[in-house]
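Colleague: Let me begin by handing over the structure; questions about it come next.
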Amino acid sequence: MITEILSASGEKQEKIELPDNIFQQKPNPSLVWEAVNNFLANQRQGTAKTKTKGEVRGGGKKPWRQKHTGRARAGSIRSPIWVGGGTVFGPSPRDYSFHLPKKKRRKALLVALTDKVKTSNLKIISDVPKDVIKTKEIVKILAGFGVTEGRTLLLLDSVSENLVRSTRNIPNLDLKSAKNLNVYDVISADQVIFTKAGIEQFISEIGNKIIEEKAEAK
């Protein structure tokens with residue numbers, strides 16, 4: 001598949017070939033959902049905690065005697081039905097993460113990227129200066145590439161500290177290294193933009209992994 005690389009003024013500069021085994025995948029919504037669910041589950045801290053009746057401090061003394069008071073029987077002021085009492089079946093720390101095979105994760109990523117290609121929401125630009133420390137300059141450069149509205153994911157071969165500082169105040173712009181791309185980043189963005197070096201790095205990384213797996217399978 002041949003696609004264009006845009007210059008800083010938004011003009012077609014040169015052409016690059018995108019491998020069909022990476023950017024020409026069949027739609028697979030269920031796989032993408034599974035990969036996104038896995039990503040989000042792995043991000044959960046699982047630290048929510050409530051105290052049970054036995055963990056709440058106090059309540060060791062019986063509030064009143066068992067009989068002949070005219071009131072309901074009570075054994076502790078920390079009973080779950082009392083204000084300030086314990087919680088029944090409340091959350092406790094747990095691990096929400098689960099394992100998803102790396103082949104499935106990568107396949108879901110490629111399916112999501114293929115969808116961006118087919119809907120013309122994936123662009124490749126020549127480069128973004130990494131030494132500029134002015135948000136205004138970066139906004140001007142990105143506007144030349146057509147990056148104006150919607151949530152945008154910008155993928156480079158490497159992310160410099162200067163570029164992070166220049167882009168962190170730009171709304172709806174996410175900056176990331178291409179080799180660290182995941183399916184959640186892709187589907188969360190309205191448009192995905194690779195630099196030329198970024199797309200080459202991504203193709204190289206994915207291609208090497210596919211070759212390694214084929215070698216292992218043999």
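Simple scheme: letters A, B, ... for chains in structure tokens order, numbers from 1 for residues in each chain, numbers from 1 for ligands in the order shown.
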Write out as an NGL selection string each polymer residue whose atoms come within 9 Å of Val192 in chain A, counting only C-alpha atoms; drop sequence neighbours fewer than 3 positions from it.

Modeller: :A and (113 or 116 or 121-124 or 151-155 or 186 or 189)

Colleague: For range 175-177 of chain A, work out the shell of residues within 8 Å, counting only C-alpha atoms and skipping chain neighbours fewer than 3 positions away, then give it as a list in words.

Modeller: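 Once the adjacent positions are removed, what remains is Leu153, Leu154, Leu155, Leu156, Asp157, Ser158, Val159, Val164, Thr167, Asn180, Leu181 and Gly198 of chain A.
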
Colleague: Would you export the selected residues with C-alpha atoms as a compact mmCIF listing (two decimals), in the first residue's frame, please?

Modeller:
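The result, stored in out12.txt:
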```txt
# COMPACT_ATOMS: atom_id res chain seq x y z
CA LEU A 153 -2.22 11.07 18.57
CA LEU A 154 1.25 12.14 17.44
CA LEU A 155 3.77 9.30 17.14
CA LEU A 156 7.50 9.86 16.82
CA ASP A 157 10.59 7.69 16.82
CA SER A 158 11.71 9.35 20.07
CA VAL A 159 10.20 11.93 22.39
CA VAL A 164 6.98 17.26 25.81
CA THR A 167 2.97 20.09 23.56
CA ASN A 180 5.09 2.12 22.72
CA LEU A 181 1.83 2.35 20.78
CA GLY A 198 8.09 7.08 13.64
```

Colleague: Between A:Asn37, A:Met1, A:Leu6, A:Asn182, which residue has the minimum interatomic distance to His99 in chain A, considering only C-alpha atoms?

Modeller: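 Smallest separation from His99 in chain A among the options: A:Asn37.
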
Colleague: Report as a list in words all protein, DNA and RNA residues lying within 9 Å of Glu14 in chain A, evaluated on only C-alpha atoms, omitting residues in the same chain fewer than 6 positions from it.

Modeller: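 Once the adjacent positions are removed, what remains is Thr3, Glu4, Ile5, Leu6, Ser7 and Ser126 of chain A.
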
Colleague: Range 66-184 of chain A: which residues are alpha helix (DSSP H) by DSSP, as a PyMOL selection string?

Modeller: chain A and resi 102-118+135-144+161-167+183-184

Colleague: Write out the residues from the selection above, keeping C-alpha atoms, as a short mmCIF file (atom, residue, chain, number, x, y, z; two decimals), in the first residue's frame.

Modeller:
```
data_model
loop_
_atom_site.label_atom_id
_atom_site.label_comp_id
_atom_site.auth_asym_id
_atom_site.auth_seq_id
_atom_site.Cartn_x
_atom_site.Cartn_y
_atom_site.Cartn_z
CA LYS A 102 0.92 -10.81 22.83
CA LYS A 103 -0.13 -12.06 19.39
CA LYS A 104 -3.73 -11.06 20.10
CA ARG A 105 -2.67 -7.67 21.48
CA ARG A 106 -0.61 -6.93 18.39
CA LYS A 107 -3.31 -8.19 16.04
CA ALA A 108 -5.87 -5.89 17.70
CA LEU A 109 -3.47 -2.95 17.32
CA LEU A 110 -3.02 -3.64 13.61
CA VAL A 111 -6.78 -4.00 13.11
CA ALA A 112 -7.32 -0.60 14.77
CA LEU A 113 -4.60 1.01 12.63
CA THR A 114 -6.08 -0.53 9.48
CA ASP A 115 -9.41 1.09 10.31
CA LYS A 116 -7.66 4.48 10.65
CA VAL A 117 -6.04 3.96 7.24
CA LYS A 118 -9.34 3.02 5.57
CA THR A 135 3.87 25.84 22.30
CA LYS A 136 2.90 28.51 19.77
CA GLU A 137 5.50 27.26 17.32
CA ILE A 138 4.40 23.63 17.65
CA VAL A 139 0.73 24.61 17.17
CA LYS A 140 1.69 26.49 14.00
CA ILE A 141 3.66 23.52 12.68
CA LEU A 142 0.88 21.03 13.44
CA ALA A 143 -1.71 23.32 11.84
CA GLY A 144 0.35 23.20 8.66
CA GLU A 161 11.89 16.66 26.89
CA ASN A 162 11.65 19.91 24.93
CA LEU A 163 8.86 18.52 22.75
CA VAL A 164 6.98 17.26 25.81
CA ARG A 165 7.11 20.75 27.31
CA SER A 166 6.02 22.32 24.03
CA THR A 167 2.97 20.09 23.56
CA VAL A 183 -4.67 -0.29 20.74
CA TYR A 184 -6.34 1.96 23.35
#
```

Colleague: Asn38 in chain A: which residues within 8 Å, counting only C-alpha atoms, same-chain residues fewer than 4 positions away excluded, as a short mmCIF file (atom, residue, chain, number, x, y, z; two decimals) with N, CA and C atoms, in the first residue's frame?

Modeller:
```cif
data_model
loop_
_atom_site.label_atom_id
_atom_site.label_comp_id
_atom_site.auth_asym_id
_atom_site.auth_seq_id
_atom_site.Cartn_x
_atom_site.Cartn_y
_atom_site.Cartn_z
N GLU A 34 -11.60 -6.89 23.23
CA GLU A 34 -10.88 -7.71 24.20
C GLU A 34 -9.55 -7.06 24.59
N ASN A 42 -5.69 -3.74 33.21
CA ASN A 42 -4.32 -3.74 33.71
C ASN A 42 -3.91 -2.39 34.30
N SER A 97 -6.07 -7.24 36.73
CA SER A 97 -5.38 -7.54 35.47
C SER A 97 -5.58 -9.00 35.06
N PHE A 98 -5.50 -9.23 33.77
CA PHE A 98 -5.54 -10.59 33.24
C PHE A 98 -4.63 -10.66 32.01
N HIS A 99 -4.22 -11.85 31.71
CA HIS A 99 -3.25 -12.03 30.62
C HIS A 99 -3.95 -12.15 29.28
N LEU A 100 -3.42 -11.43 28.30
CA LEU A 100 -3.88 -11.56 26.92
C LEU A 100 -2.64 -11.85 26.07
#
```

Colleague: Hey, can you check how far CA of Val147 in chain A sits from CA of Asn172 in chain A?

Modeller: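 Interatomic distance here is 10.4 Å.
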
Colleague: What's around range 77-80 of chain A at 6 Å? Count only C-alpha atoms, leave out sequence neighbours fewer than 3 positions away in its own chain, and write the answer as a list of chain:residue names.

Modeller: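 Close residues of range 77-80 of chain A: A:Lys53, A:Gly59, A:Gly85, A:Gly86, A:Thr87.
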
Colleague: Those same residues - C-alpha atoms - I'd like them written as a PDB file, in the first residue's frame.

Modeller:
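That gives us result-v3.pdb:
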```pdb
ATOM      1  CA  LYS A  53     -17.847  -5.205  61.100  1.00  0.00           C
ATOM      2  CA  GLY A  59     -18.235  -1.655  69.438  1.00  0.00           C
ATOM      3  CA  GLY A  85     -20.767   0.448  61.346  1.00  0.00           C
ATOM      4  CA  GLY A  86     -18.966  -1.948  59.030  1.00  0.00           C
ATOM      5  CA  THR A  87     -19.802  -2.547  55.383  1.00  0.00           C
TER       6      THR A  87
END
```

Colleague: Of the candidates A:Asp20, A:Asp95, A:Glu149, A:Asp190, which one gets nearest to Thr119 in chain A if we count only C-alpha atoms?

Modeller: A:Asp190

Colleague: Which residue is closest to Lys196 in chain A? Choose from A:Ala74, A:Val83, A:Leu40, A:Ile125 and count only C-alpha atoms.

Modeller: A:Ile125

Colleague: In Å to one decimal, how far is CA of Asp174 in chain A from CA of Glu17 in chain A?

Modeller: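 Atom-to-atom, CA of Glu17 in chain A and CA of Asp174 in chain A are spaced 25.2 Å apart.
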